[in-house]
Amino acid sequence: QVVEPFSEQAAKLQSQFGVRVMAGAQASLGSAALVVWAVKPQVFSQAAAEVRTHTPGALHLSVAAGIRSDSIARWLGSERVVRAMPNTPALIGLGMTALLARPAVTAADRLIVEAVVQTTGEHLWLAQEEQLDAVTALSGSGPAYVFYFMEAMREAGTGMGLEPAQAYRLAIATFIGAGELAKASPESPETLRQ
């Protein structure tokens, strides 16, 4: 079940994924074992106020950026809250998602969350909520810097006589190859660089 107040987006979700889409929170949400919060941060509290009466026993997984788990727990009236910070490669199943669980989240709850996020790539559990800020700076913003660097490589290659498409293909292959090498190697990045 999906709650989507915008009719155009609701129709798209219905046709693309075949899910039941509601314009607003309904009692049928009471059967949800897991509620995924993929909302704009500025509307989270309002959305939570509409849903909380229907989901008192659910596990809540939030991908809303910047909303602390204390606020989420208070708005939902539940301590079973996990915050997730995915990065954009999650769109193709190659992302890295940092996860933070409140103390009331059980080992079984963590397994449910892991089953959901594994479809987007890898995951990493954090011990402290403050670490999500570092994840946002490093992994969340990191892909944009990679793309910026790839853009610079394409421009440099074009300046050296390659076609833009050739230079871009080389840049992509370089990042993918270097990333896979780093992932497979026990060596430090300093050693690999040398």
# chains A, B, ... in the order shown; residues from 1 in each chain; ligands from 1
call {"tool": "residues_around", "arguments": {"residues": "segment 92-109 of chain A", "least_positions_apart": "5", "cutoff": "7 Å", "atoms": "only C-alpha atoms", "output": "ChimeraX atom specification"}}
result
/A:79-87,119-127,129,135
call {"tool": "write_last_selection", "arguments": {"atoms": "all heavy atoms", "output": "compact mmCIF listing (two decimals), in the first residue's frame"}}
result
# COMPACT_ATOMS: atom_id res chain seq x y z
N GLU A 79 8.90 3.87 19.07
CA GLU A 79 10.35 3.83 19.18
C GLU A 79 10.98 2.89 18.17
O GLU A 79 12.20 2.81 18.07
CB GLU A 79 10.76 3.42 20.60
CG GLU A 79 10.50 4.50 21.64
CD GLU A 79 11.35 5.75 21.41
OE1 GLU A 79 12.55 5.61 21.09
OE2 GLU A 79 10.81 6.86 21.55
N ARG A 80 10.16 2.17 17.43
CA ARG A 80 10.68 1.22 16.42
C ARG A 80 10.93 1.99 15.12
O ARG A 80 10.19 1.90 14.16
CB ARG A 80 9.71 0.07 16.21
CG ARG A 80 9.68 -0.88 17.41
CD ARG A 80 8.72 -2.02 17.20
NE ARG A 80 9.11 -2.88 16.09
CZ ARG A 80 8.23 -3.49 15.30
NH1 ARG A 80 6.95 -3.33 15.46
NH2 ARG A 80 8.67 -4.27 14.32
N VAL A 81 12.02 2.75 15.14
CA VAL A 81 12.37 3.65 14.04
C VAL A 81 13.79 3.37 13.58
O VAL A 81 14.71 3.28 14.40
CB VAL A 81 12.23 5.13 14.46
CG1 VAL A 81 12.78 6.06 13.40
CG2 VAL A 81 10.78 5.47 14.80
N VAL A 82 13.95 3.27 12.26
CA VAL A 82 15.27 3.16 11.64
C VAL A 82 15.39 4.29 10.64
O VAL A 82 14.48 4.51 9.83
CB VAL A 82 15.46 1.80 10.92
CG1 VAL A 82 16.79 1.76 10.17
CG2 VAL A 82 15.37 0.65 11.91
N ARG A 83 16.49 5.01 10.70
CA ARG A 83 16.80 6.03 9.69
C ARG A 83 17.73 5.43 8.65
O ARG A 83 18.66 4.70 8.99
CB ARG A 83 17.49 7.24 10.32
CG ARG A 83 16.55 8.19 11.02
CD ARG A 83 17.28 9.43 11.48
NE ARG A 83 17.79 10.21 10.36
CZ ARG A 83 18.71 11.18 10.47
NH1 ARG A 83 19.20 11.49 11.65
NH2 ARG A 83 19.11 11.84 9.41
N ALA A 84 17.49 5.77 7.40
CA ALA A 84 18.33 5.30 6.30
C ALA A 84 18.83 6.48 5.50
O ALA A 84 18.08 7.42 5.24
CB ALA A 84 17.55 4.35 5.40
N MET A 85 20.10 6.43 5.11
CA MET A 85 20.68 7.46 4.26
C MET A 85 21.29 6.77 3.04
O MET A 85 22.45 6.35 3.05
CB MET A 85 21.74 8.26 5.02
CG MET A 85 22.47 9.31 4.19
SD MET A 85 21.40 10.48 3.35
CE MET A 85 20.60 11.27 4.71
N PRO A 86 20.48 6.60 1.98
CA PRO A 86 21.03 5.99 0.75
C PRO A 86 21.71 7.05 -0.11
O PRO A 86 21.50 8.24 0.08
CB PRO A 86 19.77 5.47 0.05
CG PRO A 86 18.69 6.40 0.49
CD PRO A 86 19.06 6.86 1.89
N ASN A 87 22.53 6.60 -1.05
CA ASN A 87 23.08 7.55 -2.02
C ASN A 87 22.49 7.23 -3.40
O ASN A 87 21.81 6.22 -3.58
CB ASN A 87 24.62 7.58 -2.02
CG ASN A 87 25.26 6.26 -2.39
OD1 ASN A 87 24.61 5.30 -2.78
ND2 ASN A 87 26.57 6.21 -2.27
N THR A 119 18.02 -4.44 -1.78
CA THR A 119 17.62 -4.29 -3.18
C THR A 119 18.25 -3.06 -3.82
O THR A 119 18.25 -2.93 -5.04
CB THR A 119 16.09 -4.19 -3.32
OG1 THR A 119 15.64 -3.01 -2.65
CG2 THR A 119 15.40 -5.42 -2.73
N THR A 120 18.79 -2.17 -3.00
CA THR A 120 19.40 -0.94 -3.51
C THR A 120 20.92 -0.97 -3.47
O THR A 120 21.56 0.00 -3.85
CB THR A 120 18.91 0.29 -2.72
OG1 THR A 120 19.38 0.20 -1.37
CG2 THR A 120 17.39 0.39 -2.74
N GLY A 121 21.50 -2.07 -3.00
CA GLY A 121 22.95 -2.17 -2.91
C GLY A 121 23.39 -2.63 -1.53
O GLY A 121 22.72 -3.44 -0.90
N GLU A 122 24.48 -2.07 -1.08
CA GLU A 122 25.04 -2.45 0.22
C GLU A 122 24.47 -1.59 1.33
O GLU A 122 23.88 -0.53 1.07
CB GLU A 122 26.57 -2.29 0.19
CG GLU A 122 27.26 -3.19 -0.83
CD GLU A 122 28.77 -3.04 -0.79
OE1 GLU A 122 29.33 -3.06 0.32
OE2 GLU A 122 29.36 -2.91 -1.87
N HIS A 123 24.69 -2.03 2.58
CA HIS A 123 24.26 -1.24 3.73
C HIS A 123 25.32 -1.29 4.83
O HIS A 123 26.18 -2.17 4.84
CB HIS A 123 22.90 -1.71 4.26
CG HIS A 123 22.96 -3.08 4.86
ND1 HIS A 123 22.84 -4.22 4.11
CD2 HIS A 123 23.14 -3.50 6.14
CE1 HIS A 123 22.94 -5.28 4.89
NE2 HIS A 123 23.13 -4.86 6.13
N LEU A 124 25.22 -0.33 5.70
CA LEU A 124 26.17 -0.19 6.80
C LEU A 124 25.41 0.32 8.02
O LEU A 124 24.79 1.38 7.96
CB LEU A 124 27.27 0.81 6.41
CG LEU A 124 28.28 1.24 7.45
CD1 LEU A 124 29.20 0.07 7.79
CD2 LEU A 124 29.10 2.42 6.94
N TRP A 125 25.43 -0.44 9.12
CA TRP A 125 24.78 -0.01 10.35
C TRP A 125 25.72 0.93 11.12
O TRP A 125 26.92 0.65 11.23
CB TRP A 125 24.42 -1.19 11.24
CG TRP A 125 23.23 -1.97 10.74
CD1 TRP A 125 23.27 -3.14 10.03
CD2 TRP A 125 21.86 -1.62 10.89
NE1 TRP A 125 21.99 -3.54 9.75
CE2 TRP A 125 21.10 -2.63 10.26
CE3 TRP A 125 21.19 -0.56 11.49
CZ2 TRP A 125 19.71 -2.62 10.21
CZ3 TRP A 125 19.80 -0.54 11.46
CH2 TRP A 125 19.08 -1.55 10.82
N LEU A 126 25.18 2.00 11.61
CA LEU A 126 25.93 2.96 12.41
C LEU A 126 25.51 2.85 13.87
O LEU A 126 24.38 2.47 14.17
CB LEU A 126 25.68 4.39 11.92
CG LEU A 126 26.02 4.66 10.45
CD1 LEU A 126 25.61 6.07 10.07
CD2 LEU A 126 27.50 4.44 10.20
N ALA A 127 26.41 3.24 14.76
CA ALA A 127 26.13 3.16 16.19
C ALA A 127 25.58 4.47 16.76
O ALA A 127 24.88 4.46 17.77
CB ALA A 127 27.40 2.78 16.95
N GLU A 129 23.79 8.43 15.90
CA GLU A 129 23.05 9.21 14.91
C GLU A 129 23.90 10.31 14.29
O GLU A 129 23.74 10.63 13.12
CB GLU A 129 21.79 9.79 15.55
CG GLU A 129 20.84 10.36 14.54
CD GLU A 129 19.40 10.33 14.99
OE1 GLU A 129 19.14 10.07 16.19
OE2 GLU A 129 18.52 10.59 14.16
N VAL A 135 28.09 10.48 6.94
CA VAL A 135 27.68 9.67 5.79
C VAL A 135 27.11 10.58 4.70
O VAL A 135 27.42 10.41 3.52
CB VAL A 135 26.64 8.61 6.21
CG1 VAL A 135 25.98 7.97 5.00
CG2 VAL A 135 27.31 7.55 7.09
call {"tool": "residues_around", "arguments": {"residues": "segment 170-183 of chain A", "least_positions_apart": "5", "cutoff": "9 Å", "atoms": "only C-alpha atoms", "output": "number ranges by chain"}}
result
A: 146, 149-151, 153-154, 157, 165, 188-189, 192
call {"tool": "atom_distance", "arguments": {"atom1": "atom CA of Leu59 of chain A", "atom2": "atom CA of Ala33 of chain A"}}
result
6.1 Å
call {"tool": "closest_residue", "arguments": {"among": "A:Ser78, A:Val116, A:Leu162, A:Pro89", "to": "Pro143 of chain A", "atoms": "only C-alpha atoms"}}
result
A:Pro89
call {"tool": "residues_around", "arguments": {"residues": "Thr158 of chain A", "least_positions_apart": "6", "cutoff": "10 Å", "atoms": "only C-alpha atoms", "output": "PyMOL selection string"}}
result
chain A and resi 152+164-168
call {"tool": "write_last_selection", "arguments": {"atoms": "N, CA and C atoms", "output": "PDB file, in the first residue's frame"}}
result
ATOM      1  N   ALA A 152      35.206  16.600 -15.689  1.00  0.00           N
ATOM      2  CA  ALA A 152      36.523  17.198 -15.918  1.00  0.00           C
ATOM      3  C   ALA A 152      37.396  16.273 -16.765  1.00  0.00           C
ATOM      4  N   PRO A 164      34.115  13.597 -27.368  1.00  0.00           N
ATOM      5  CA  PRO A 164      33.527  13.651 -26.022  1.00  0.00           C
ATOM      6  C   PRO A 164      33.004  12.295 -25.534  1.00  0.00           C
ATOM      7  N   ALA A 165      32.335  11.538 -26.410  1.00  0.00           N
ATOM      8  CA  ALA A 165      31.801  10.233 -26.010  1.00  0.00           C
ATOM      9  C   ALA A 165      32.924   9.264 -25.647  1.00  0.00           C
ATOM     10  N   GLN A 166      34.048   9.329 -26.384  1.00  0.00           N
ATOM     11  CA  GLN A 166      35.181   8.463 -26.070  1.00  0.00           C
ATOM     12  C   GLN A 166      35.774   8.824 -24.711  1.00  0.00           C
ATOM     13  N   ALA A 167      35.970  10.107 -24.501  1.00  0.00           N
ATOM     14  CA  ALA A 167      36.556  10.564 -23.240  1.00  0.00           C
ATOM     15  C   ALA A 167      35.662  10.209 -22.059  1.00  0.00           C
ATOM     16  N   TYR A 168      34.359  10.363 -22.246  1.00  0.00           N
ATOM     17  CA  TYR A 168      33.415  10.048 -21.165  1.00  0.00           C
ATOM     18  C   TYR A 168      33.409   8.549 -20.875  1.00  0.00           C
TER      19      TYR A 168
END
call {"tool": "select_by_dssp", "arguments": {"residues": "chain A", "states": "strand (DSSP E or B)", "output": "list in words"}}
result
Val2, Val3, Val21, Met22, Leu34, Val35, Val36, Trp37, Leu59, His60, Leu61, Ser62, Val81, Val82, Arg83, Ala84, Met85, Gly95, Met96, Thr97, Ala98, Leu99, Leu100, Ala101, Gly121, Glu122, His123, Leu124 and Trp125 of chain A
call {"tool": "write_last_selection", "arguments": {"atoms": "C-alpha atoms", "output": "JSON list (two decimals), in the first residue's frame"}}
result
[["chain", "number", "residue", "atom", "x", "y", "z"],
["A", 2, "VAL", "CA", 1.24, 3.48, -0.85],
["A", 3, "VAL", "CA", -0.07, 6.82, 0.35],
["A", 21, "VAL", "CA", -2.38, 3.67, -3.89],
["A", 22, "MET", "CA", -4.39, 5.81, -1.47],
["A", 34, "LEU", "CA", 6.77, -1.97, 7.93],
["A", 35, "VAL", "CA", 6.12, 1.64, 6.97],
["A", 36, "VAL", "CA", 8.69, 3.28, 4.69],
["A", 37, "TRP", "CA", 8.81, 7.06, 4.98],
["A", 59, "LEU", "CA", 8.36, -0.80, 12.22],
["A", 60, "HIS", "CA", 9.17, 2.57, 10.61],
["A", 61, "LEU", "CA", 11.99, 3.08, 8.08],
["A", 62, "SER", "CA", 12.71, 6.70, 7.20],
["A", 81, "VAL", "CA", 12.37, 3.65, 14.04],
["A", 82, "VAL", "CA", 15.27, 3.16, 11.64],
["A", 83, "ARG", "CA", 16.80, 6.03, 9.69],
["A", 84, "ALA", "CA", 18.33, 5.30, 6.30],
["A", 85, "MET", "CA", 20.68, 7.46, 4.26],
["A", 95, "GLY", "CA", 24.13, 2.21, -3.66],
["A", 96, "MET", "CA", 25.42, 2.39, -0.14],
["A", 97, "THR", "CA", 22.82, 2.94, 2.56],
["A", 98, "ALA", "CA", 23.79, 3.89, 6.08],
["A", 99, "LEU", "CA", 21.32, 2.73, 8.71],
["A", 100, "LEU", "CA", 20.70, 3.84, 12.28],
["A", 101, "ALA", "CA", 18.31, 1.99, 14.60],
["A", 121, "GLY", "CA", 22.95, -2.17, -2.91],
["A", 122, "GLU", "CA", 25.04, -2.45, 0.22],
["A", 123, "HIS", "CA", 24.26, -1.24, 3.73],
["A", 124, "LEU", "CA", 26.17, -0.19, 6.80],
["A", 125, "TRP", "CA", 24.78, -0.01, 10.35]]
call {"tool": "residues_around", "arguments": {"residues": "Lys40 of chain A", "least_positions_apart": "6", "cutoff": "12 Å", "atoms": "only C-alpha atoms", "output": "list in words"}}
result
Gln46, Ala47, Ala48, Ser62, Val63, Ala64, Ala65, Gly66 and Ile67 of chain A
call {"tool": "write_last_selection", "arguments": {"atoms": "all heavy atoms", "output": "PDB file, in the first residue's frame"}}
result
ATOM      1  N   GLN A  46       3.487  16.352   9.413  1.00  0.00           N
ATOM      2  CA  GLN A  46       2.085  16.355   9.010  1.00  0.00           C
ATOM      3  C   GLN A  46       1.662  14.962   8.530  1.00  0.00           C
ATOM      4  O   GLN A  46       0.595  14.457   8.887  1.00  0.00           O
ATOM      5  CB  GLN A  46       1.847  17.376   7.906  1.00  0.00           C
ATOM      6  CG  GLN A  46       0.429  17.397   7.385  1.00  0.00           C
ATOM      7  CD  GLN A  46       0.271  18.320   6.191  1.00  0.00           C
ATOM      8  OE1 GLN A  46       1.148  19.109   5.875  1.00  0.00           O
ATOM      9  NE2 GLN A  46      -0.863  18.206   5.523  1.00  0.00           N
ATOM     10  N   ALA A  47       2.503  14.331   7.715  1.00  0.00           N
ATOM     11  CA  ALA A  47       2.199  12.986   7.222  1.00  0.00           C
ATOM     12  C   ALA A  47       2.132  11.990   8.380  1.00  0.00           C
ATOM     13  O   ALA A  47       1.248  11.131   8.423  1.00  0.00           O
ATOM     14  CB  ALA A  47       3.242  12.553   6.196  1.00  0.00           C
ATOM     15  N   ALA A  48       3.048  12.128   9.330  1.00  0.00           N
ATOM     16  CA  ALA A  48       3.072  11.228  10.483  1.00  0.00           C
ATOM     17  C   ALA A  48       1.807  11.378  11.319  1.00  0.00           C
ATOM     18  O   ALA A  48       1.253  10.381  11.801  1.00  0.00           O
ATOM     19  CB  ALA A  48       4.308  11.501  11.331  1.00  0.00           C
ATOM     20  N   SER A  62      12.739   5.364   7.774  1.00  0.00           N
ATOM     21  CA  SER A  62      12.711   6.703   7.201  1.00  0.00           C
ATOM     22  C   SER A  62      13.895   6.941   6.277  1.00  0.00           C
ATOM     23  O   SER A  62      15.036   6.709   6.660  1.00  0.00           O
ATOM     24  CB  SER A  62      12.742   7.758   8.311  1.00  0.00           C
ATOM     25  OG  SER A  62      12.947   9.051   7.751  1.00  0.00           O
ATOM     26  N   VAL A  63      13.610   7.402   5.068  1.00  0.00           N
ATOM     27  CA  VAL A  63      14.653   7.864   4.161  1.00  0.00           C
ATOM     28  C   VAL A  63      14.572   9.377   3.980  1.00  0.00           C
ATOM     29  O   VAL A  63      15.165   9.926   3.059  1.00  0.00           O
ATOM     30  CB  VAL A  63      14.609   7.140   2.790  1.00  0.00           C
ATOM     31  CG1 VAL A  63      14.940   5.671   2.949  1.00  0.00           C
ATOM     32  CG2 VAL A  63      13.278   7.326   2.107  1.00  0.00           C
ATOM     33  N   ALA A  64      13.839  10.033   4.872  1.00  0.00           N
ATOM     34  CA  ALA A  64      13.732  11.491   4.835  1.00  0.00           C
ATOM     35  C   ALA A  64      15.022  12.093   5.384  1.00  0.00           C
ATOM     36  O   ALA A  64      15.392  11.852   6.529  1.00  0.00           O
ATOM     37  CB  ALA A  64      12.531  11.965   5.660  1.00  0.00           C
ATOM     38  N   ALA A  65      15.696  12.865   4.571  1.00  0.00           N
ATOM     39  CA  ALA A  65      16.999  13.428   4.951  1.00  0.00           C
ATOM     40  C   ALA A  65      16.863  14.459   6.067  1.00  0.00           C
ATOM     41  O   ALA A  65      15.970  15.294   6.054  1.00  0.00           O
ATOM     42  CB  ALA A  65      17.659  14.072   3.743  1.00  0.00           C
ATOM     43  N   GLY A  66      17.782  14.362   7.022  1.00  0.00           N
ATOM     44  CA  GLY A  66      17.921  15.399   8.032  1.00  0.00           C
ATOM     45  C   GLY A  66      16.948  15.367   9.189  1.00  0.00           C
ATOM     46  O   GLY A  66      17.051  16.192  10.089  1.00  0.00           O
ATOM     47  N   ILE A  67      16.000  14.446   9.223  1.00  0.00           N
ATOM     48  CA  ILE A  67      15.043  14.379  10.325  1.00  0.00           C
ATOM     49  C   ILE A  67      15.573  13.393  11.362  1.00  0.00           C
ATOM     50  O   ILE A  67      15.721  12.206  11.099  1.00  0.00           O
ATOM     51  CB  ILE A  67      13.643  13.924   9.840  1.00  0.00           C
ATOM     52  CG1 ILE A  67      13.129  14.799   8.713  1.00  0.00           C
ATOM     53  CG2 ILE A  67      12.671  13.885  11.012  1.00  0.00           C
ATOM     54  CD1 ILE A  67      12.754  16.189   9.109  1.00  0.00           C
TER      55      ILE A  67
END
call {"tool": "decode", "arguments": {"residues": "segment 119-132 of chain A", "atoms": "all heavy atoms", "output": "mmCIF file, in the first residue's frame"}}
result
data_model
loop_
_atom_site.group_PDB
_atom_site.id
_atom_site.type_symbol
_atom_site.label_atom_id
_atom_site.label_comp_id
_atom_site.auth_asym_id
_atom_site.auth_seq_id
_atom_site.Cartn_x
_atom_site.Cartn_y
_atom_site.Cartn_z
ATOM 1 N N THR A 119 18.022 -4.440 -1.782
ATOM 2 C CA THR A 119 17.619 -4.291 -3.184
ATOM 3 C C THR A 119 18.249 -3.060 -3.821
ATOM 4 O O THR A 119 18.248 -2.928 -5.041
ATOM 5 C CB THR A 119 16.094 -4.191 -3.317
ATOM 6 O OG1 THR A 119 15.636 -3.011 -2.650
ATOM 7 C CG2 THR A 119 15.403 -5.418 -2.729
ATOM 8 N N THR A 120 18.793 -2.172 -2.999
ATOM 9 C CA THR A 120 19.399 -0.940 -3.513
ATOM 10 C C THR A 120 20.917 -0.966 -3.469
ATOM 11 O O THR A 120 21.562 0.003 -3.848
ATOM 12 C CB THR A 120 18.907 0.286 -2.720
ATOM 13 O OG1 THR A 120 19.380 0.204 -1.367
ATOM 14 C CG2 THR A 120 17.390 0.387 -2.740
ATOM 15 N N GLY A 121 21.498 -2.068 -2.996
ATOM 16 C CA GLY A 121 22.955 -2.169 -2.907
ATOM 17 C C GLY A 121 23.387 -2.634 -1.531
ATOM 18 O O GLY A 121 22.723 -3.439 -0.896
ATOM 19 N N GLU A 122 24.483 -2.071 -1.077
ATOM 20 C CA GLU A 122 25.045 -2.449 0.216
ATOM 21 C C GLU A 122 24.471 -1.586 1.325
ATOM 22 O O GLU A 122 23.879 -0.533 1.065
ATOM 23 C CB GLU A 122 26.565 -2.291 0.185
ATOM 24 C CG GLU A 122 27.255 -3.189 -0.829
ATOM 25 C CD GLU A 122 28.767 -3.044 -0.787
ATOM 26 O OE1 GLU A 122 29.331 -3.058 0.320
ATOM 27 O OE2 GLU A 122 29.357 -2.909 -1.866
ATOM 28 N N HIS A 123 24.694 -2.031 2.581
ATOM 29 C CA HIS A 123 24.261 -1.236 3.732
ATOM 30 C C HIS A 123 25.317 -1.289 4.829
ATOM 31 O O HIS A 123 26.178 -2.174 4.843
ATOM 32 C CB HIS A 123 22.903 -1.709 4.260
ATOM 33 C CG HIS A 123 22.955 -3.080 4.863
ATOM 34 N ND1 HIS A 123 22.840 -4.222 4.110
ATOM 35 C CD2 HIS A 123 23.138 -3.496 6.142
ATOM 36 C CE1 HIS A 123 22.941 -5.281 4.888
ATOM 37 N NE2 HIS A 123 23.129 -4.862 6.132
ATOM 38 N N LEU A 124 25.224 -0.329 5.703
ATOM 39 C CA LEU A 124 26.175 -0.192 6.804
ATOM 40 C C LEU A 124 25.415 0.320 8.020
ATOM 41 O O LEU A 124 24.792 1.383 7.956
ATOM 42 C CB LEU A 124 27.270 0.810 6.407
ATOM 43 C CG LEU A 124 28.279 1.244 7.454
ATOM 44 C CD1 LEU A 124 29.199 0.072 7.793
ATOM 45 C CD2 LEU A 124 29.097 2.417 6.940
ATOM 46 N N TRP A 125 25.426 -0.441 9.118
ATOM 47 C CA TRP A 125 24.776 -0.005 10.353
ATOM 48 C C TRP A 125 25.715 0.930 11.117
ATOM 49 O O TRP A 125 26.915 0.648 11.229
ATOM 50 C CB TRP A 125 24.417 -1.195 11.237
ATOM 51 C CG TRP A 125 23.234 -1.965 10.737
ATOM 52 C CD1 TRP A 125 23.265 -3.143 10.032
ATOM 53 C CD2 TRP A 125 21.862 -1.623 10.885
ATOM 54 N NE1 TRP A 125 21.992 -3.543 9.747
ATOM 55 C CE2 TRP A 125 21.097 -2.632 10.258
ATOM 56 C CE3 TRP A 125 21.192 -0.559 11.492
ATOM 57 C CZ2 TRP A 125 19.707 -2.621 10.214
ATOM 58 C CZ3 TRP A 125 19.800 -0.542 11.455
ATOM 59 C CH2 TRP A 125 19.075 -1.553 10.820
ATOM 60 N N LEU A 126 25.176 1.997 11.610
ATOM 61 C CA LEU A 126 25.933 2.964 12.410
ATOM 62 C C LEU A 126 25.514 2.854 13.868
ATOM 63 O O LEU A 126 24.384 2.466 14.167
ATOM 64 C CB LEU A 126 25.680 4.388 11.919
ATOM 65 C CG LEU A 126 26.015 4.663 10.451
ATOM 66 C CD1 LEU A 126 25.613 6.072 10.070
ATOM 67 C CD2 LEU A 126 27.497 4.440 10.201
ATOM 68 N N ALA A 127 26.410 3.244 14.762
ATOM 69 C CA ALA A 127 26.129 3.163 16.195
ATOM 70 C C ALA A 127 25.582 4.470 16.758
ATOM 71 O O ALA A 127 24.884 4.463 17.765
ATOM 72 C CB ALA A 127 27.399 2.776 16.949
ATOM 73 N N GLN A 128 25.916 5.586 16.128
ATOM 74 C CA GLN A 128 25.512 6.905 16.650
ATOM 75 C C GLN A 128 24.858 7.719 15.543
ATOM 76 O O GLN A 128 25.342 7.738 14.412
ATOM 77 C CB GLN A 128 26.725 7.658 17.180
ATOM 78 C CG GLN A 128 27.428 6.958 18.309
ATOM 79 C CD GLN A 128 28.721 7.652 18.681
ATOM 80 O OE1 GLN A 128 29.188 8.538 17.990
ATOM 81 N NE2 GLN A 128 29.300 7.222 19.789
ATOM 82 N N GLU A 129 23.794 8.426 15.895
ATOM 83 C CA GLU A 129 23.052 9.206 14.908
ATOM 84 C C GLU A 129 23.900 10.311 14.287
ATOM 85 O O GLU A 129 23.740 10.629 13.116
ATOM 86 C CB GLU A 129 21.789 9.793 15.547
ATOM 87 C CG GLU A 129 20.837 10.361 14.541
ATOM 88 C CD GLU A 129 19.400 10.333 14.994
ATOM 89 O OE1 GLU A 129 19.138 10.072 16.189
ATOM 90 O OE2 GLU A 129 18.523 10.586 14.155
ATOM 91 N N GLU A 130 24.830 10.854 15.049
ATOM 92 C CA GLU A 130 25.695 11.912 14.522
ATOM 93 C C GLU A 130 26.514 11.429 13.322
ATOM 94 O O GLU A 130 26.924 12.214 12.479
ATOM 95 C CB GLU A 130 26.634 12.435 15.616
ATOM 96 C CG GLU A 130 25.926 13.154 16.750
ATOM 97 C CD GLU A 130 25.176 12.219 17.705
ATOM 98 O OE1 GLU A 130 25.558 11.029 17.837
ATOM 99 O OE2 GLU A 130 24.181 12.672 18.299
ATOM 100 N N GLN A 131 26.765 10.128 13.265
ATOM 101 C CA GLN A 131 27.533 9.576 12.152
ATOM 102 C C GLN A 131 26.794 9.718 10.820
ATOM 103 O O GLN A 131 27.419 9.720 9.763
ATOM 104 C CB GLN A 131 27.863 8.102 12.413
ATOM 105 C CG GLN A 131 28.835 7.897 13.558
ATOM 106 C CD GLN A 131 29.039 6.429 13.862
ATOM 107 O OE1 GLN A 131 28.074 5.673 13.999
ATOM 108 N NE2 GLN A 131 30.301 6.023 13.973
ATOM 109 N N LEU A 132 25.470 9.870 10.862
ATOM 110 C CA LEU A 132 24.718 10.060 9.613
ATOM 111 C C LEU A 132 25.109 11.359 8.916
ATOM 112 O O LEU A 132 25.047 11.449 7.692
ATOM 113 C CB LEU A 132 23.214 10.030 9.873
ATOM 114 C CG LEU A 132 22.604 8.642 10.043
ATOM 115 C CD1 LEU A 132 21.137 8.747 10.425
ATOM 116 C CD2 LEU A 132 22.771 7.809 8.797
#
